[in-house]
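Quick notes on the structure that follows.
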Amino acid sequence: MTFAKIRQLLDNLKRSVDSLEELYSTHSLDFPSLDVPFSKSKAEDLARSPDAVNMINVCVASAFQILLTMRHPFETLCDGSSIYQLSSCLRIAENLNIPEIIRENNSPDCHVNDIALKCDVEPTKLARILRVLSSHHIFTETSPDKFANNRVSSFFDSGKETHKLKIEPAMKYKDSPGIAGYIGTFTDEVAKASSYLLETLKDKDHGKSFAPDHTALQMAMNTSSVYFPWLEEPSNHYRLERYADCIRGTSLWDPPDTILEGYNWSSLAPGSVVVDVGGGTGAPSMIIAVEHPSLSFVIQDREPVIAQAKEHWNNSKPDIVGSGRVSFQVHDFFKEQPQKNTAVFLVRTICHDWPDHLVTQILRNLREAASPSTQLLLGDYVIPYSCNDVGGEVDIAGAESSKVPAPLLANMGKASSNVYWIDMTMQVLLNGQERTLSHHARLMCDAGWRPVTLNKRRNSHFGYIIAECQ
Ligand SMILES: C[S@@+](CC[C@H](N)C(=O)[O-])C[C@H]1O[C@@H](n2cnc3c(N)ncnc32)[C@H](O)[C@@H]1O
């Protein structure tokens, strides 16, 4: 029976590769190479189209399940026990600007002695770190101790000049697309917090609490502050700059313009106001603002973040700032919402930060400021179970589940791993979580909203739920 299952997985894999090759050949393109640095191209764009994503996901889930079926359990457990070493090595590559150093080299590959000289570390230690990454296809070791950027490593090249980064390291994260900041944040404070997950879970005072100051982060960082005020402490200046970039990186979970499909923005009357609640530097709003010049935006966040947002918009979209279509407001979403004339309250990746009782408070504050026509647009992952969710249907348009080929897990296993990584991230940082559709719907209803539509990109777990006033 096991061989039959392996063959079934191989069939899934083969069928998906065949379909992918056919898709690419209809566009006269080849699939992007792992060995070549990433570049914006038609082939890369096609790889993120919903059809291609579906085929790639089936390949990833099938290949991973074959691997796990065939490997000795101890090999799998060794991997699971040491996978944090990969994160630590990735943290070093990002922090020491290794992709940037290799890019600035005169030839495509660079000897580790030259790389180590530029970042002032011991070369044989660095070689071993880069070898871990190369063995996981992040960088390529072209000949012993020589390393080149590949499709994966070049994706976190900030494009900045290393001699400038040496003088002002946090400059790396200014007006950047978010990948370096994402890696830096996840492999630093998130990883450190995660290493205290067990101790926090078993802690007699904090283990069963959902307070945002009773998480693994407090234990790991020896602080009593909640994550956001902790980030804003003067000693965390570098981390705060990096976090802003990290959040822009979350817009890359799907192609960033997916926000345009999340809501029918053209249906709004000219002059309508979109309030981006906890908007960070306003990356999703910026995409909407460019496409829909008749709409106005209010970006709300905590004071230091609003300063970052203003700077980011002034540097990236001075024309929109000059037109007066975007304004910036310091606002605490746990307090009364000052914007009373809002067409859409956009809350993207906000609710997942917080435990249920605080999500209800945030959404209720928005409901109290809403007019009868105001809509809520909640953007977050819609987390699936790894088994079939019998009876989990929710009566919201667009909530249909997609078909998964046997014998893959109902959630597409490895192809969906990021949803669960982010869920754990929210647990260790703030006692927040990713939620199923019915869980999202319940919290919205408790706060006086009626969820009506789920807009989800095909083959993505990230959803935009539209709700109306009850
Ligand atoms: C995960 S980020 C999401 C940013 C943005 N919505 C996006 O999707 O790109 C969460 C944001 O919530 C902000 N935030 C945290 N606590 C807040 C509060 N009490 N009031 C307003 N914003 C807050 C943080 O500063 C951060 O920018």
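FYI, nothing fancy with the structure tokens labels: chains A, B, ... in order, residues from 1 per chain, ligands from 1 as they appear.
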Wanna dump the chain A-ligand 1 contacts at 7 Å for me, each residue with its shortest atom pair and the distance in Å to one decimal, counting only C-alpha atoms and all ligand atoms, ordered by chain and number, as a Markdown table?
```
| residue | atom | partner | partner_atom_place_in_ligand_line | distance |
| --- | --- | --- | --- | --- |
| A:Phe228 | CA | ligand 1 | 15 (C) | 5.8 |
| A:Ile247 | CA | ligand 1 | 9 (O) | 5.2 |
| A:Arg248 | CA | ligand 1 | 9 (O) | 5.6 |
| A:Thr250 | CA | ligand 1 | 9 (O) | 6.9 |
| A:Ser251 | CA | ligand 1 | 9 (O) | 6.6 |
| A:Asp276 | CA | ligand 1 | 6 (N) | 6.8 |
| A:Val277 | CA | ligand 1 | 6 (N) | 6.6 |
| A:Gly278 | CA | ligand 1 | 22 (N) | 3.8 |
| A:Gly279 | CA | ligand 1 | 6 (N) | 3.8 |
| A:Gly280 | CA | ligand 1 | 27 (O) | 3.4 |
| A:Thr281 | CA | ligand 1 | 9 (O) | 6.8 |
| A:Gly282 | CA | ligand 1 | 9 (O) | 5.9 |
| A:Ala283 | CA | ligand 1 | 9 (O) | 5.5 |
| A:Pro284 | CA | ligand 1 | 9 (O) | 6.1 |
| A:Gln300 | CA | ligand 1 | 21 (C) | 6.4 |
| A:Asp301 | CA | ligand 1 | 22 (N) | 3.9 |
| A:Arg302 | CA | ligand 1 | 22 (N) | 5.0 |
| A:Val305 | CA | ligand 1 | 25 (O) | 5.8 |
| A:His331 | CA | ligand 1 | 21 (C) | 5.5 |
| A:Asp332 | CA | ligand 1 | 20 (N) | 3.4 |
| A:Phe333 | CA | ligand 1 | 20 (N) | 4.1 |
| A:Phe334 | CA | ligand 1 | 19 (N) | 5.6 |
| A:Val347 | CA | ligand 1 | 6 (N) | 5.9 |
| A:Arg348 | CA | ligand 1 | 8 (O) | 4.3 |
| A:Thr349 | CA | ligand 1 | 8 (O) | 4.8 |
| A:Ile350 | CA | ligand 1 | 10 (C) | 5.2 |
| A:Asp353 | CA | ligand 1 | 1 (C) | 6.6 |
```
File of the preceding selection, N, CA and C atoms, as a PDB file, in the first residue's frame:
```pdb
ATOM      1  N   PHE A 228       4.670  45.864  21.003  1.00  0.00           N
ATOM      2  CA  PHE A 228       4.806  47.132  20.257  1.00  0.00           C
ATOM      3  C   PHE A 228       5.515  48.218  21.074  1.00  0.00           C
ATOM      4  N   ILE A 247       6.890  44.341   7.914  1.00  0.00           N
ATOM      5  CA  ILE A 247       5.447  44.361   7.662  1.00  0.00           C
ATOM      6  C   ILE A 247       5.178  44.613   6.181  1.00  0.00           C
ATOM      7  N   ARG A 248       6.014  45.436   5.539  1.00  0.00           N
ATOM      8  CA  ARG A 248       5.852  45.568   4.078  1.00  0.00           C
ATOM      9  C   ARG A 248       6.069  44.202   3.426  1.00  0.00           C
ATOM     10  N   THR A 250       5.162  41.386   4.522  1.00  0.00           N
ATOM     11  CA  THR A 250       3.978  40.512   4.609  1.00  0.00           C
ATOM     12  C   THR A 250       3.061  40.711   3.402  1.00  0.00           C
ATOM     13  N   SER A 251       3.193  41.860   2.740  1.00  0.00           N
ATOM     14  CA  SER A 251       2.392  42.086   1.526  1.00  0.00           C
ATOM     15  C   SER A 251       2.871  41.194   0.387  1.00  0.00           C
ATOM     16  N   ASP A 276      -7.105  53.228   7.143  1.00  0.00           N
ATOM     17  CA  ASP A 276      -6.218  52.075   7.288  1.00  0.00           C
ATOM     18  C   ASP A 276      -5.827  51.994   8.762  1.00  0.00           C
ATOM     19  N   VAL A 277      -6.558  51.161   9.498  1.00  0.00           N
ATOM     20  CA  VAL A 277      -6.444  51.118  10.962  1.00  0.00           C
ATOM     21  C   VAL A 277      -5.234  50.260  11.347  1.00  0.00           C
ATOM     22  N   GLY A 278      -4.297  50.841  12.095  1.00  0.00           N
ATOM     23  CA  GLY A 278      -3.046  50.110  12.375  1.00  0.00           C
ATOM     24  C   GLY A 278      -2.335  49.842  11.061  1.00  0.00           C
ATOM     25  N   GLY A 279      -2.245  50.892  10.252  1.00  0.00           N
ATOM     26  CA  GLY A 279      -1.809  50.739   8.854  1.00  0.00           C
ATOM     27  C   GLY A 279      -0.321  50.554   8.655  1.00  0.00           C
ATOM     28  N   GLY A 280       0.484  50.638   9.735  1.00  0.00           N
ATOM     29  CA  GLY A 280       1.940  50.548   9.559  1.00  0.00           C
ATOM     30  C   GLY A 280       2.401  51.680   8.649  1.00  0.00           C
ATOM     31  N   THR A 281       3.275  51.374   7.691  1.00  0.00           N
ATOM     32  CA  THR A 281       3.688  52.421   6.757  1.00  0.00           C
ATOM     33  C   THR A 281       2.732  52.497   5.564  1.00  0.00           C
ATOM     34  N   GLY A 282       1.637  51.766   5.633  1.00  0.00           N
ATOM     35  CA  GLY A 282       0.563  51.938   4.652  1.00  0.00           C
ATOM     36  C   GLY A 282       0.827  51.291   3.299  1.00  0.00           C
ATOM     37  N   ALA A 283       1.570  50.171   3.286  1.00  0.00           N
ATOM     38  CA  ALA A 283       1.920  49.530   1.997  1.00  0.00           C
ATOM     39  C   ALA A 283       0.673  49.132   1.203  1.00  0.00           C
ATOM     40  N   PRO A 284      -0.321  48.461   1.805  1.00  0.00           N
ATOM     41  CA  PRO A 284      -1.498  48.097   1.005  1.00  0.00           C
ATOM     42  C   PRO A 284      -2.278  49.329   0.531  1.00  0.00           C
ATOM     43  N   GLN A 300      -3.655  55.266  10.077  1.00  0.00           N
ATOM     44  CA  GLN A 300      -3.593  55.422  11.533  1.00  0.00           C
ATOM     45  C   GLN A 300      -2.615  54.412  12.124  1.00  0.00           C
ATOM     46  N   ASP A 301      -1.855  54.840  13.110  1.00  0.00           N
ATOM     47  CA  ASP A 301      -0.987  53.890  13.827  1.00  0.00           C
ATOM     48  C   ASP A 301      -0.468  54.580  15.077  1.00  0.00           C
ATOM     49  N   ARG A 302       0.450  53.907  15.767  1.00  0.00           N
ATOM     50  CA  ARG A 302       1.096  54.479  16.943  1.00  0.00           C
ATOM     51  C   ARG A 302       2.064  55.582  16.506  1.00  0.00           C
ATOM     52  N   VAL A 305       5.340  54.953  14.522  1.00  0.00           N
ATOM     53  CA  VAL A 305       5.083  54.298  13.229  1.00  0.00           C
ATOM     54  C   VAL A 305       4.506  55.313  12.239  1.00  0.00           C
ATOM     55  N   HIS A 331      -3.217  57.227  16.326  1.00  0.00           N
ATOM     56  CA  HIS A 331      -4.459  56.760  16.965  1.00  0.00           C
ATOM     57  C   HIS A 331      -4.235  55.382  17.569  1.00  0.00           C
ATOM     58  N   ASP A 332      -4.769  55.198  18.768  1.00  0.00           N
ATOM     59  CA  ASP A 332      -4.724  53.908  19.459  1.00  0.00           C
ATOM     60  C   ASP A 332      -6.052  53.201  19.193  1.00  0.00           C
ATOM     61  N   PHE A 333      -6.002  52.075  18.482  1.00  0.00           N
ATOM     62  CA  PHE A 333      -7.285  51.442  18.093  1.00  0.00           C
ATOM     63  C   PHE A 333      -8.035  50.795  19.259  1.00  0.00           C
ATOM     64  N   PHE A 334      -7.461  50.846  20.455  1.00  0.00           N
ATOM     65  CA  PHE A 334      -8.224  50.377  21.618  1.00  0.00           C
ATOM     66  C   PHE A 334      -9.060  51.523  22.210  1.00  0.00           C
ATOM     67  N   VAL A 347      -8.596  46.738   8.012  1.00  0.00           N
ATOM     68  CA  VAL A 347      -7.788  46.202   9.128  1.00  0.00           C
ATOM     69  C   VAL A 347      -7.035  44.981   8.609  1.00  0.00           C
ATOM     70  N   ARG A 348      -5.845  45.249   8.089  1.00  0.00           N
ATOM     71  CA  ARG A 348      -5.053  44.156   7.507  1.00  0.00           C
ATOM     72  C   ARG A 348      -3.953  43.731   8.483  1.00  0.00           C
ATOM     73  N   THR A 349      -3.887  42.434   8.708  1.00  0.00           N
ATOM     74  CA  THR A 349      -2.939  41.812   9.663  1.00  0.00           C
ATOM     75  C   THR A 349      -2.898  42.551  10.998  1.00  0.00           C
ATOM     76  N   ILE A 350      -4.060  42.927  11.458  1.00  0.00           N
ATOM     77  CA  ILE A 350      -4.205  43.543  12.786  1.00  0.00           C
ATOM     78  C   ILE A 350      -4.805  42.515  13.735  1.00  0.00           C
ATOM     79  N   ASP A 353      -2.791  39.775  15.372  1.00  0.00           N
ATOM     80  CA  ASP A 353      -1.835  40.127  16.428  1.00  0.00           C
ATOM     81  C   ASP A 353      -2.406  39.867  17.829  1.00  0.00           C
TER      82      ASP A 353
END
```
Next item on the list: Quick one: everything within 10 Å of segment 207-215 of chain A, counting only C-alpha atoms, minus sequence neighbours fewer than 3 positions away in the same chain. Send it as a VMD selection string.
Entry: chain A and resid 193 to 194 196 to 204 218 to 220 223 to 227 353 to 358 426 to 432
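Here atom CA of Ile320 of chain A and atom CA of Ser296 of chain A stand 9.6 Å from one another.
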Under the rule of at most 10 Å, produce a per-residue listing of segment 131-201 of chain A near segment 72-96 of chain A: chain, number, name, the closest pair of atoms, and the distance in Å, as JSON lines, using only C-alpha atoms.
```
{"residue": "A:Arg131", "atom": "CA", "partner": "A:Cys89", "partner_atom": "CA", "distance": 9.4}
{"residue": "A:Val132", "atom": "CA", "partner": "A:Leu86", "partner_atom": "CA", "distance": 6.9}
{"residue": "A:Leu133", "atom": "CA", "partner": "A:Cys89", "partner_atom": "CA", "distance": 6.8}
{"residue": "A:His136", "atom": "CA", "partner": "A:Leu86", "partner_atom": "CA", "distance": 8.4}
{"residue": "A:Ile138", "atom": "CA", "partner": "A:Leu90", "partner_atom": "CA", "distance": 8.5}
{"residue": "A:Phe139", "atom": "CA", "partner": "A:Ala93", "partner_atom": "CA", "distance": 9.8}
{"residue": "A:Ser153", "atom": "CA", "partner": "A:Ala93", "partner_atom": "CA", "distance": 8.8}
{"residue": "A:Phe156", "atom": "CA", "partner": "A:Glu94", "partner_atom": "CA", "distance": 7.4}
{"residue": "A:Asp157", "atom": "CA", "partner": "A:Glu94", "partner_atom": "CA", "distance": 8.3}
{"residue": "A:Ser158", "atom": "CA", "partner": "A:Glu94", "partner_atom": "CA", "distance": 9.4}
{"residue": "A:Thr162", "atom": "CA", "partner": "A:Leu96", "partner_atom": "CA", "distance": 9.4}
{"residue": "A:Leu165", "atom": "CA", "partner": "A:Leu96", "partner_atom": "CA", "distance": 9.7}
{"residue": "A:Lys166", "atom": "CA", "partner": "A:Leu96", "partner_atom": "CA", "distance": 9.4}
{"residue": "A:Pro169", "atom": "CA", "partner": "A:Asn95", "partner_atom": "CA", "distance": 8.8}
{"residue": "A:Lys172", "atom": "CA", "partner": "A:Asn95", "partner_atom": "CA", "distance": 9.9}
{"residue": "A:Ile179", "atom": "CA", "partner": "A:Glu94", "partner_atom": "CA", "distance": 9.5}
{"residue": "A:Ala180", "atom": "CA", "partner": "A:Glu94", "partner_atom": "CA", "distance": 6.3}
{"residue": "A:Gly181", "atom": "CA", "partner": "A:Glu94", "partner_atom": "CA", "distance": 8.7}
{"residue": "A:Tyr182", "atom": "CA", "partner": "A:Glu94", "partner_atom": "CA", "distance": 9.9}
{"residue": "A:Ile183", "atom": "CA", "partner": "A:Arg91", "partner_atom": "CA", "distance": 6.7}
{"residue": "A:Gly184", "atom": "CA", "partner": "A:Arg91", "partner_atom": "CA", "distance": 6.0}
{"residue": "A:Thr185", "atom": "CA", "partner": "A:Arg91", "partner_atom": "CA", "distance": 8.9}
{"residue": "A:Phe186", "atom": "CA", "partner": "A:Ser87", "partner_atom": "CA", "distance": 8.5}
{"residue": "A:Thr187", "atom": "CA", "partner": "A:Arg91", "partner_atom": "CA", "distance": 5.5}
{"residue": "A:Asp188", "atom": "CA", "partner": "A:Arg91", "partner_atom": "CA", "distance": 7.3}
{"residue": "A:Ala191", "atom": "CA", "partner": "A:Tyr84", "partner_atom": "CA", "distance": 8.1}
{"residue": "A:Ser195", "atom": "CA", "partner": "A:Tyr84", "partner_atom": "CA", "distance": 9.4}
```
Filtering to C-alpha atoms, could you give me those residues as an mmCIF file, in the first residue's frame?
```cif
data_model
loop_
_atom_site.group_PDB
_atom_site.id
_atom_site.type_symbol
_atom_site.label_atom_id
_atom_site.label_comp_id
_atom_site.auth_asym_id
_atom_site.auth_seq_id
_atom_site.Cartn_x
_atom_site.Cartn_y
_atom_site.Cartn_z
ATOM 1 C CA ARG A 131 27.507 25.939 3.435
ATOM 2 C CA VAL A 132 24.438 25.242 5.597
ATOM 3 C CA LEU A 133 22.532 27.765 3.514
ATOM 4 C CA HIS A 136 19.376 24.280 1.508
ATOM 5 C CA ILE A 138 19.973 29.527 -0.305
ATOM 6 C CA PHE A 139 23.207 30.623 -2.117
ATOM 7 C CA SER A 153 19.610 34.516 -1.815
ATOM 8 C CA PHE A 156 16.758 39.296 -0.023
ATOM 9 C CA ASP A 157 19.345 41.586 -1.563
ATOM 10 C CA SER A 158 18.129 45.040 -0.486
ATOM 11 C CA THR A 162 27.263 48.049 1.547
ATOM 12 C CA LEU A 165 24.961 50.190 5.223
ATOM 13 C CA LYS A 166 28.168 49.981 7.250
ATOM 14 C CA PRO A 169 22.753 49.729 9.190
ATOM 15 C CA LYS A 172 18.773 48.992 4.771
ATOM 16 C CA ILE A 179 12.251 40.852 2.479
ATOM 17 C CA ALA A 180 15.407 41.663 4.453
ATOM 18 C CA GLY A 181 13.321 43.153 7.270
ATOM 19 C CA TYR A 182 11.103 40.074 7.306
ATOM 20 C CA ILE A 183 14.095 37.733 7.661
ATOM 21 C CA GLY A 184 15.727 39.951 10.285
ATOM 22 C CA THR A 185 12.615 40.217 12.464
ATOM 23 C CA PHE A 186 11.654 36.546 12.243
ATOM 24 C CA THR A 187 15.163 35.233 12.908
ATOM 25 C CA ASP A 188 15.778 37.643 15.787
ATOM 26 C CA ALA A 191 13.050 33.159 17.065
ATOM 27 C CA SER A 195 12.676 29.372 22.090
#
```
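Of note, atom CA of Gly324 of chain A and atom CA of Val274 of chain A are spaced 13.6 Å apart.
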Hey, what's within 6 Å of Tyr464 of chain A if we count only C-alpha atoms and toss same-chain stuff fewer than 3 positions away? As a CSV table (one decimal) with N, CA and C atoms, in the first residue's frame, please?
```csv
chain,number,residue,atom,x,y,z
A,262,GLY,N,-9.2,42.3,-3.2
A,262,GLY,CA,-9.9,42.1,-1.9
A,262,GLY,C,-11.2,42.8,-1.7
A,378,LEU,N,-11.5,43.1,6.6
A,378,LEU,CA,-10.5,42.5,7.4
A,378,LEU,C,-9.6,41.5,6.6
A,379,GLY,N,-8.3,41.8,6.6
A,379,GLY,CA,-7.4,41.0,5.8
A,379,GLY,C,-6.5,40.2,6.8
A,454,LEU,N,-16.2,36.7,1.4
A,454,LEU,CA,-14.8,36.4,1.6
A,454,LEU,C,-14.1,36.5,0.2
A,455,ASN,N,-13.2,37.4,0.0
A,455,ASN,CA,-12.5,37.5,-1.3
A,455,ASN,C,-11.1,36.9,-1.0
```
Check: Which of segment 44-211 of chain A counts as alpha helix (DSSP H) under DSSP, as a ChimeraX atom specification please?
Finding: /A:44-47,50-70,73-95,98-104,112-119,123-135,162-167,179-185,191-194,197-202
Next item on the list: Counting only C-alpha atoms, figure out which residue out of A:Val326, A:Lys310, A:Ser316, A:Val53 gets nearest to Pro293 of chain A.
Entry: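 Of A:Val326, A:Lys310, A:Ser316, A:Val53, the one nearest Pro293 of chain A, counting only C-alpha atoms, is A:Val326.
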Next item on the list: Might you pull out every residue within 12 Å of Asp389 of chain A, with only C-alpha atoms counted and same-chain residues fewer than 4 positions away left off, and present them as a VMD selection string?
Entry: chain A and resid 383 to 385 393 to 394 400 to 401 409 to 411 436 to 438
Item checked: For atom CA of Ala244 of chain A and atom CA of Tyr381 of chain A, the interatomic separation in Å (one decimal) -> 19.6 Å
Next item on the list: Per DSSP on the backbone, filter segment 91-273 of chain A down to the residues in strand (DSSP E) and report them as a list in words.
Entry: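 So, restricting segment 91-273 of chain A to strand (DSSP E), we get Asp109, Cys110, His111, Thr140, Glu141, Thr142, Ser143, Lys146, Phe147, Ala148 and Val273 of chain A.
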Residues of segment 115-194 of chain A that have any atom at most 12 Å from an atom of segment 27-32 of chain A: could you tabulate them with the shortest-distance atom pair and the distance in Å to one decimal, using only C-alpha atoms, ordered by chain and increasing number, as JSON lines?
```
{"residue": "A:Asn150", "atom": "CA", "partner": "A:Pro32", "partner_atom": "CA", "distance": 10.7}
{"residue": "A:Arg151", "atom": "CA", "partner": "A:Pro32", "partner_atom": "CA", "distance": 8.1}
{"residue": "A:Val152", "atom": "CA", "partner": "A:Pro32", "partner_atom": "CA", "distance": 11.0}
```
Write out, as a compact mmCIF listing (two decimals), in the first residue's frame, the residues just selected, with N, CA and C atoms.
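After the write, out19.txt holds the following:
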```
# COMPACT_ATOMS: atom_id res chain seq x y z
N ASN A 150 21.95 33.03 -5.75
CA ASN A 150 21.03 32.29 -6.62
C ASN A 150 19.65 32.95 -6.53
N ARG A 151 18.65 32.29 -7.06
CA ARG A 151 17.30 32.87 -7.09
C ARG A 151 16.81 33.21 -5.67
N VAL A 152 17.19 32.38 -4.68
CA VAL A 152 16.68 32.59 -3.32
C VAL A 152 17.48 33.66 -2.59
```
